[in-house]
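Participant: Submitted below is the structure of interest, expressed as structure tokens.
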Amino acid sequence: MTTHLQSAEQLAATTLLRFATAGSVDDGKSTLVGRLLHDSKSVLTDQLEAVELASLNRGQEAPDLALLTDGLRAEREQGITIDVAYRYFATARRRFILADTPGHVQYTRNMVTGASTAELAVVLVDARNGVVEQTRRHAAVAALLRVPHVVLAVNKMDLVGYAEPVFAAIAEEFTAYAASLGVPEITAIPISALAGDNVVEPSAHMDWYGGPTVLEHLETVPVSHDLTACHARFPVQYVIRPQSAEHPDYRGYAGQIAAGVFRVGEAVTVLPSGRTTTITGIDALGESVGIAWAPQSVTLRLADDIDISRGDLIAPADDAPAVTRDVEATVCHVADEPLSVGQRVLLKHTTRTVKAIVKDIPSRLTLDDLSQHPAPGRLVANDIGRVVVRTAEPLALDAYEDSRRTGSFLLIDPADGTTLSAGMAGAAFAAAAEAVTAADDDAAWDF
């Protein structure tokens with residue numbers, strides 16, 4: 001219920017929830033997603049018919065709803081999820097973008113991809129197995145990525161007799177672990193994806209549970225779109241200088257506002273140069289406006305002619321990020337080739353790409369118990385660890401906990417453009433930042 005008594009149509013037009021699903025192998029994640037799509041009437045008739053036919057060919061009497069999401073042939077044959085699948089659906093109350101991520105340990109990097117933009121993560125647990133290593137891994141990844149809402153879906157409750165004590169024990173263990181990582185909000189829901197209990201419709205078998213169904217929670221979880229409190233950041237994508245008869249002196253800086261709000265008359269600083277000026281105009285969709293906010297694509301006009309190019313960052317003069325060449329961060333290594341100390345890379349941050357060297361890899365994180373493996377020397381595929389990177393040019397980075405957009409970056413192989421690692425600047429977890437001391441000897445740098 002909103003304070004302005006919005007209609008369902010108005011609400012659907014203005015609210016969007018991005019969420020990701022994760023769970024161990026055979027926890028029923030694909031079945032849950034299929035059940036959500038099926039019971040919310042988000043499946044086309046021909047899609048359902050194809051699933052029914054495929055299920056019959058496999059000797060199954062009832063449609064296997066997991067086939068609605070496992071789209072790759074290898075996924076169907078093995079009965080597992082390999083790739084990240086994005087699904088779009090809507091109810092009368094909200095629109096959704098769902099990232100269905102794999103459960104296998106070797107596809108942890110795929111979960112990082114799917115959850116990097118999510119506002120909510122659904123972590124599945126098999127009620128018979130409880131919290132396992134992969135459950136803790138997914139909770140840790142959600143915490144690392146600062147996903148603000150986490151749902152624990154305790155699945156296959158029908159196979160444990162819908163027993164409340166089983167659910168309560170799992171919920172207590174997971175909640176304690178996730179809370180220790182700094183996850184701000186955890187909601188536990190007992191479900192049976194196969195039978196449909198508490199997915200879209202309330203279960204008739206668990207009268208001891210009085211909370212929301214999965215869909216009800218997805219429809220009502222608060223999603224903040226108030227960006228006025230965010231640190232305003234504008235990465236420059238392109239400099240517009242028509243030099244035409246109609247616009248002989250026009251100079252504008254085009255891009256997408258990454259966060260916050262910009263206003264005409266506001267004093268801003270251009271980074272990394274540190275020059276300060278004032279916004280004299282904002283052009284959006286061919287018209288001049290007085291105010292613009294994320295994620296609008298606009299053109300800013302400034303009072304002074306400053307040397308600004310693609311990759312520069314415009315921020316409020318009184319709220320500009322620090323500029324640095326030494327980046328301390330947590331990274332998830334996604335490439336098959338390892339990341340090693342001394343390796344030369346490219347670092348891409350917003351619209352800026354600079355040369356860099358991996359200066360140190362202080363530790364590798366063991367996600368099952370959060371222990372640190374000191375000085376591993378390198379990170380291999382799916383590893384998560386701390387790195388210190390020295391860049392050839394200064395960068396205006398926020399801490400990831402302050403801004404998921406301007407606190408994140410990619411490490412790229414300069415030889416072929418392959419993405420090596422996804423990085424999150426600053427402390428690893430919200431609860432307790434690990435101390436990483438950067439080496440202070442710059443003698444070996446040849447920048």
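Chain identifiers are assigned as A, B, and so on, following the order in which chains appear in the structure tokens; residues are numbered from 1 within each chain, and ligands are numbered from 1 in order of appearance.
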What are the DSSP helix (DSSP H, G or I) residues of range 142-345 of chain A, as number ranges by chain?
Facilitator: A: 142-144, 157-160, 164-180, 214-220
Participant: Set the distance at 8 Å and use only C-alpha atoms: which residues neighbour Val331 in chain A once local chain neighbours fewer than 4 positions away are removed? I'd like the list as a PyMOL selection string.
Facilitator: chain A and resi 384-387+421-424
Participant: May I have the residues from that selection written out with N, CA and C atoms, as a compact mmCIF listing (two decimals), in the first residue's frame?
Facilitator:
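Below is the file out15.txt, written as the result:
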# COMPACT_ATOMS: atom_id res chain seq x y z
N ILE A 384 38.15 -15.91 -5.32
CA ILE A 384 37.87 -14.56 -4.84
C ILE A 384 39.00 -14.18 -3.90
N GLY A 385 39.62 -13.04 -4.14
CA GLY A 385 40.76 -12.66 -3.32
C GLY A 385 40.96 -11.16 -3.29
N ARG A 386 41.90 -10.75 -2.43
CA ARG A 386 42.26 -9.34 -2.34
C ARG A 386 43.42 -9.06 -3.28
N VAL A 387 43.39 -7.92 -3.94
CA VAL A 387 44.47 -7.52 -4.82
C VAL A 387 44.82 -6.06 -4.58
N SER A 421 39.11 -10.32 -14.37
CA SER A 421 38.53 -10.29 -13.03
C SER A 421 37.53 -9.16 -12.91
N ALA A 422 36.53 -9.38 -12.04
CA ALA A 422 35.58 -8.32 -11.68
C ALA A 422 35.96 -7.83 -10.30
N GLY A 423 36.16 -6.52 -10.16
CA GLY A 423 36.69 -5.97 -8.92
C GLY A 423 35.72 -5.08 -8.19
N MET A 424 35.88 -5.05 -6.85
CA MET A 424 35.08 -4.22 -5.97
C MET A 424 36.03 -3.49 -5.03
Participant: Using CA of Ser180 in chain A and CA of Arg136 in chain A as the two end points, give the distance in Å to one decimal.
Facilitator: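 For CA of Ser180 in chain A relative to CA of Arg136 in chain A, the distance reads 11.4 Å.
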Participant: May I have the residues within 7 Å of Leu16 in chain A as a ChimeraX atom specification, using only C-alpha atoms and disregarding those fewer than 2 positions away in the same chain?
Facilitator: /A:14,18,94-96
Participant: Limited to N, CA and C atoms, could you put the picked residues into a file as a PDB file, in the first residue's frame?
Facilitator:
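Contents of result_24.pdb, as written:
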ATOM      1  N   THR A  14       6.345   2.023 -12.674  1.00  0.00           N
ATOM      2  CA  THR A  14       7.393   2.780 -12.001  1.00  0.00           C
ATOM      3  C   THR A  14       8.321   1.923 -11.152  1.00  0.00           C
ATOM      4  N   ARG A  18      15.312  -6.076  -9.836  1.00  0.00           N
ATOM      5  CA  ARG A  18      16.297  -6.991 -10.411  1.00  0.00           C
ATOM      6  C   ARG A  18      16.686  -7.979  -9.318  1.00  0.00           C
ATOM      7  N   ARG A  94       4.442  -5.260 -10.039  1.00  0.00           N
ATOM      8  CA  ARG A  94       5.854  -4.939 -10.242  1.00  0.00           C
ATOM      9  C   ARG A  94       6.373  -5.651 -11.482  1.00  0.00           C
ATOM     10  N   ARG A  95       7.424  -5.064 -12.072  1.00  0.00           N
ATOM     11  CA  ARG A  95       8.144  -5.704 -13.161  1.00  0.00           C
ATOM     12  C   ARG A  95       9.430  -6.325 -12.611  1.00  0.00           C
ATOM     13  N   PHE A  96       9.882  -7.416 -13.259  1.00  0.00           N
ATOM     14  CA  PHE A  96      11.033  -8.143 -12.745  1.00  0.00           C
ATOM     15  C   PHE A  96      12.032  -8.458 -13.855  1.00  0.00           C
TER      16      PHE A  96
END
Participant: List as a list in words the protein and nucleic acid residues near Gly274 in chain A, meaning an atom at most 12 Å away when only C-alpha atoms are counted, but skip any in the same chain fewer than 3 places from it.
Facilitator: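 The residues that qualify are Val268, Thr269, Val270, Leu271, Thr277, Ile306, Asp307, Ile308, Asp312, Leu313, Ile314, Ala315, Pro316, Ala317, Asp318, Ala320, Pro321, Ala322, Val323, Pro394, Leu395 and Ala396 of chain A.
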Participant: Could the residues in this selection be saved with C-alpha atoms as a PDB file, in the first residue's frame?
Facilitator:
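Just written: selection-v4.pdb:
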ATOM      1  CA  VAL A 268      31.411  20.545  -9.871  1.00  0.00           C
ATOM      2  CA  THR A 269      34.918  19.126  -9.991  1.00  0.00           C
ATOM      3  CA  VAL A 270      36.365  17.354 -13.024  1.00  0.00           C
ATOM      4  CA  LEU A 271      38.554  14.368 -12.163  1.00  0.00           C
ATOM      5  CA  THR A 277      33.658  24.850 -12.567  1.00  0.00           C
ATOM      6  CA  ILE A 306      38.411  22.751 -19.373  1.00  0.00           C
ATOM      7  CA  ASP A 307      40.364  19.947 -21.007  1.00  0.00           C
ATOM      8  CA  ILE A 308      37.835  17.120 -20.574  1.00  0.00           C
ATOM      9  CA  ASP A 312      36.925  11.866 -16.968  1.00  0.00           C
ATOM     10  CA  LEU A 313      34.491  11.998 -14.054  1.00  0.00           C
ATOM     11  CA  ILE A 314      32.341  14.981 -13.100  1.00  0.00           C
ATOM     12  CA  ALA A 315      31.226  15.140  -9.456  1.00  0.00           C
ATOM     13  CA  PRO A 316      29.928  17.773  -7.008  1.00  0.00           C
ATOM     14  CA  ALA A 317      32.759  19.993  -5.814  1.00  0.00           C
ATOM     15  CA  ASP A 318      31.954  19.268  -2.170  1.00  0.00           C
ATOM     16  CA  ALA A 320      34.203  14.382  -5.084  1.00  0.00           C
ATOM     17  CA  PRO A 321      35.885  10.967  -4.672  1.00  0.00           C
ATOM     18  CA  ALA A 322      39.565  10.677  -3.893  1.00  0.00           C
ATOM     19  CA  VAL A 323      41.931  10.155  -6.810  1.00  0.00           C
ATOM     20  CA  PRO A 394      45.003   8.282 -11.538  1.00  0.00           C
ATOM     21  CA  LEU A 395      41.443   7.026 -11.071  1.00  0.00           C
ATOM     22  CA  ALA A 396      38.475   8.539  -9.221  1.00  0.00           C
TER      23      ALA A 396
END
Participant: Can you tell me which residues surround Pro295 in chain A at a distance of at most 12 Å, considering only C-alpha atoms, apart from same-chain residues fewer than 2 positions away, and format the answer as an MDAnalysis selection string?
Facilitator: chainID A and resid 225:227 232:235 255:262 284 292:293 297:298 405
Participant: Sorted by chain and rising residue number, list the residues of range 150-202 of chain A at most 12 Å from range 361-380 of chain A (counting only C-alpha atoms), each with its closest atom pair and distance in Å to one decimal, as JSON lines.
Facilitator:
{"residue": "A:Tyr177", "atom": "CA", "partner": "A:Asp369", "partner_atom": "CA", "distance": 9.7}
{"residue": "A:Ala178", "atom": "CA", "partner": "A:Leu370", "partner_atom": "CA", "distance": 11.5}
{"residue": "A:Ser180", "atom": "CA", "partner": "A:Leu370", "partner_atom": "CA", "distance": 10.5}
{"residue": "A:Leu181", "atom": "CA", "partner": "A:Leu370", "partner_atom": "CA", "distance": 9.2}
Participant: Since we have the selection now, will you write its residues out, keeping N, CA, C and O atoms, as a compact mmCIF listing (two decimals), in the first residue's frame?
Facilitator:
# COMPACT_ATOMS: atom_id res chain seq x y z
N TYR A 177 24.92 -16.88 9.81
CA TYR A 177 26.09 -16.79 8.93
C TYR A 177 26.01 -15.55 8.05
O TYR A 177 26.98 -14.78 7.95
N ALA A 178 24.87 -15.33 7.41
CA ALA A 178 24.73 -14.19 6.50
C ALA A 178 24.84 -12.87 7.25
O ALA A 178 25.43 -11.90 6.75
N SER A 180 26.60 -12.31 9.86
CA SER A 180 28.01 -12.09 10.21
C SER A 180 28.79 -11.50 9.05
O SER A 180 29.84 -10.89 9.24
N LEU A 181 28.27 -11.67 7.83
CA LEU A 181 28.90 -11.10 6.64
C LEU A 181 28.45 -9.67 6.37
O LEU A 181 28.97 -9.02 5.47
Participant: Just to confirm, what's the straight-line distance from CA of Pro338 in chain A to CA of Met111 in chain A in Å (one decimal)?
Facilitator: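 About the pair CA of Pro338 in chain A and CA of Met111 in chain A: they are 18.9 Å apart.
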Participant: Mind checking which residues fall within 12 Å of Thr324 in chain A, counting only C-alpha atoms, ignoring those fewer than 4 positions away in the same chain, and posting them as a list in words?
Facilitator: Leu271, Pro272, Ser273, Glu328, Val388, Val389, Arg390, Thr391, Ala392, Glu393, Pro394, Leu395, Ala396, Leu397, Asp398, Ala399 and Ala425 of chain A
Participant: What does the file look like for those residues with all heavy atoms, as a short mmCIF file (atom, residue, chain, number, x, y, z; two decimals), in the first residue's frame?
Facilitator:
data_model
loop_
_atom_site.label_atom_id
_atom_site.label_comp_id
_atom_site.auth_asym_id
_atom_site.auth_seq_id
_atom_site.Cartn_x
_atom_site.Cartn_y
_atom_site.Cartn_z
N LEU A 271 37.47 15.24 -12.60
CA LEU A 271 38.55 14.37 -12.16
C LEU A 271 39.06 13.53 -13.34
O LEU A 271 38.27 13.18 -14.21
CB LEU A 271 38.07 13.46 -11.03
CG LEU A 271 37.59 14.20 -9.77
CD1 LEU A 271 36.92 13.24 -8.81
CD2 LEU A 271 38.74 14.91 -9.10
N PRO A 272 40.36 13.24 -13.41
CA PRO A 272 41.32 13.39 -12.32
C PRO A 272 42.04 14.73 -12.26
O PRO A 272 42.91 14.91 -11.40
CB PRO A 272 42.33 12.29 -12.64
CG PRO A 272 42.33 12.20 -14.13
CD PRO A 272 40.91 12.46 -14.54
N SER A 273 41.74 15.70 -13.12
CA SER A 273 42.48 16.96 -13.13
C SER A 273 42.26 17.78 -11.87
O SER A 273 43.15 18.52 -11.44
CB SER A 273 42.08 17.78 -14.36
OG SER A 273 40.75 18.26 -14.23
N GLU A 328 43.07 -0.88 -3.96
CA GLU A 328 42.94 -2.06 -3.11
C GLU A 328 41.51 -2.56 -3.24
O GLU A 328 40.56 -1.79 -3.06
CB GLU A 328 43.26 -1.73 -1.66
CG GLU A 328 44.68 -1.21 -1.46
CD GLU A 328 44.97 -0.91 0.00
OE1 GLU A 328 44.16 -1.33 0.85
OE2 GLU A 328 45.99 -0.27 0.27
N VAL A 388 46.04 -5.71 -4.92
CA VAL A 388 46.48 -4.32 -4.96
C VAL A 388 46.98 -4.08 -6.38
O VAL A 388 47.88 -4.78 -6.85
CB VAL A 388 47.58 -4.03 -3.93
CG1 VAL A 388 48.01 -2.56 -4.02
CG2 VAL A 388 47.10 -4.36 -2.53
N VAL A 389 46.38 -3.12 -7.06
CA VAL A 389 46.71 -2.83 -8.45
C VAL A 389 47.24 -1.41 -8.55
O VAL A 389 46.67 -0.47 -7.97
CB VAL A 389 45.46 -3.00 -9.35
CG1 VAL A 389 45.80 -2.65 -10.80
CG2 VAL A 389 44.93 -4.42 -9.26
N ARG A 390 48.35 -1.24 -9.25
CA ARG A 390 48.91 0.09 -9.50
C ARG A 390 48.58 0.50 -10.92
O ARG A 390 48.88 -0.22 -11.88
CB ARG A 390 50.43 0.07 -9.29
CG ARG A 390 51.11 1.42 -9.53
CD ARG A 390 50.76 2.41 -8.45
NE ARG A 390 51.34 3.73 -8.70
CZ ARG A 390 52.49 4.16 -8.18
NH1 ARG A 390 53.19 3.35 -7.41
NH2 ARG A 390 52.92 5.37 -8.44
N THR A 391 47.95 1.67 -11.08
CA THR A 391 47.54 2.14 -12.41
C THR A 391 48.52 3.17 -12.95
O THR A 391 49.18 3.89 -12.19
CB THR A 391 46.12 2.75 -12.36
OG1 THR A 391 46.12 3.87 -11.48
CG2 THR A 391 45.12 1.72 -11.86
N ALA A 392 48.59 3.25 -14.27
CA ALA A 392 49.48 4.20 -14.92
C ALA A 392 48.97 5.63 -14.80
O ALA A 392 49.75 6.59 -14.83
CB ALA A 392 49.67 3.84 -16.39
N GLU A 393 47.65 5.78 -14.67
CA GLU A 393 47.02 7.09 -14.55
C GLU A 393 46.09 7.08 -13.35
O GLU A 393 45.55 6.03 -12.98
CB GLU A 393 46.23 7.43 -15.82
CG GLU A 393 47.06 7.40 -17.10
CD GLU A 393 46.19 7.51 -18.34
OE1 GLU A 393 45.12 8.14 -18.25
OE2 GLU A 393 46.55 6.94 -19.38
N PRO A 394 45.87 8.24 -12.72
CA PRO A 394 45.00 8.28 -11.54
C PRO A 394 43.54 8.00 -11.87
O PRO A 394 43.06 8.34 -12.96
CB PRO A 394 45.18 9.71 -11.01
CG PRO A 394 45.67 10.49 -12.19
CD PRO A 394 46.47 9.55 -13.02
N LEU A 395 42.86 7.36 -10.93
CA LEU A 395 41.44 7.03 -11.07
C LEU A 395 40.64 7.64 -9.93
O LEU A 395 41.12 7.73 -8.80
CB LEU A 395 41.24 5.51 -11.05
CG LEU A 395 41.73 4.69 -12.24
CD1 LEU A 395 41.52 3.21 -11.95
CD2 LEU A 395 41.00 5.09 -13.51
N ALA A 396 39.41 8.02 -10.24
CA ALA A 396 38.47 8.54 -9.22
C ALA A 396 37.52 7.41 -8.84
O ALA A 396 36.44 7.27 -9.40
CB ALA A 396 37.72 9.75 -9.76
N LEU A 397 37.94 6.60 -7.87
CA LEU A 397 37.16 5.44 -7.46
C LEU A 397 36.44 5.69 -6.14
O LEU A 397 37.01 6.24 -5.21
CB LEU A 397 38.09 4.24 -7.25
CG LEU A 397 38.40 3.31 -8.42
CD1 LEU A 397 39.65 2.50 -8.08
CD2 LEU A 397 37.25 2.38 -8.68
N ASP A 398 35.19 5.26 -6.08
CA ASP A 398 34.49 5.22 -4.80
C ASP A 398 34.70 3.85 -4.18
O ASP A 398 35.06 2.88 -4.87
CB ASP A 398 32.98 5.44 -5.01
CG ASP A 398 32.65 6.88 -5.34
OD1 ASP A 398 32.87 7.75 -4.48
OD2 ASP A 398 32.18 7.14 -6.47
N ALA A 399 34.46 3.75 -2.88
CA ALA A 399 34.41 2.43 -2.25
C ALA A 399 33.15 1.72 -2.74
O ALA A 399 32.10 2.34 -2.90
CB ALA A 399 34.39 2.56 -0.73
N ALA A 425 36.15 -2.17 -5.20
CA ALA A 425 37.13 -1.39 -4.46
C ALA A 425 36.76 -1.28 -2.99
O ALA A 425 35.58 -1.20 -2.63
CB ALA A 425 37.27 -0.01 -5.08
#
Participant: So that I can check the secondary structure, give me every residue of range 204-240 of chain A assigned strand (DSSP E) by backbone DSSP, as a PyMOL selection string.
Facilitator: chain A and resi 234-235+238-240
Participant: Take the residues just selected and output them with N, CA, C and O atoms as a compact mmCIF listing (two decimals), in the first residue's frame.
Facilitator:
# COMPACT_ATOMS: atom_id res chain seq x y z
N PHE A 234 29.21 11.44 -12.73
CA PHE A 234 28.92 11.53 -14.16
C PHE A 234 30.17 11.19 -14.96
O PHE A 234 31.04 12.03 -15.16
N PRO A 235 30.32 9.93 -15.40
CA PRO A 235 31.45 9.58 -16.26
C PRO A 235 31.22 10.12 -17.68
O PRO A 235 30.19 9.86 -18.28
N TYR A 238 31.52 11.17 -24.12
CA TYR A 238 31.78 11.79 -25.42
C TYR A 238 31.72 13.30 -25.28
O TYR A 238 30.87 13.83 -24.54
N VAL A 239 32.61 13.98 -25.98
CA VAL A 239 32.60 15.45 -26.00
C VAL A 239 31.92 15.90 -27.29
O VAL A 239 32.33 15.50 -28.39
N ILE A 240 30.87 16.72 -27.15
CA ILE A 240 30.09 17.18 -28.31
C ILE A 240 30.50 18.61 -28.66
O ILE A 240 30.32 19.54 -27.85
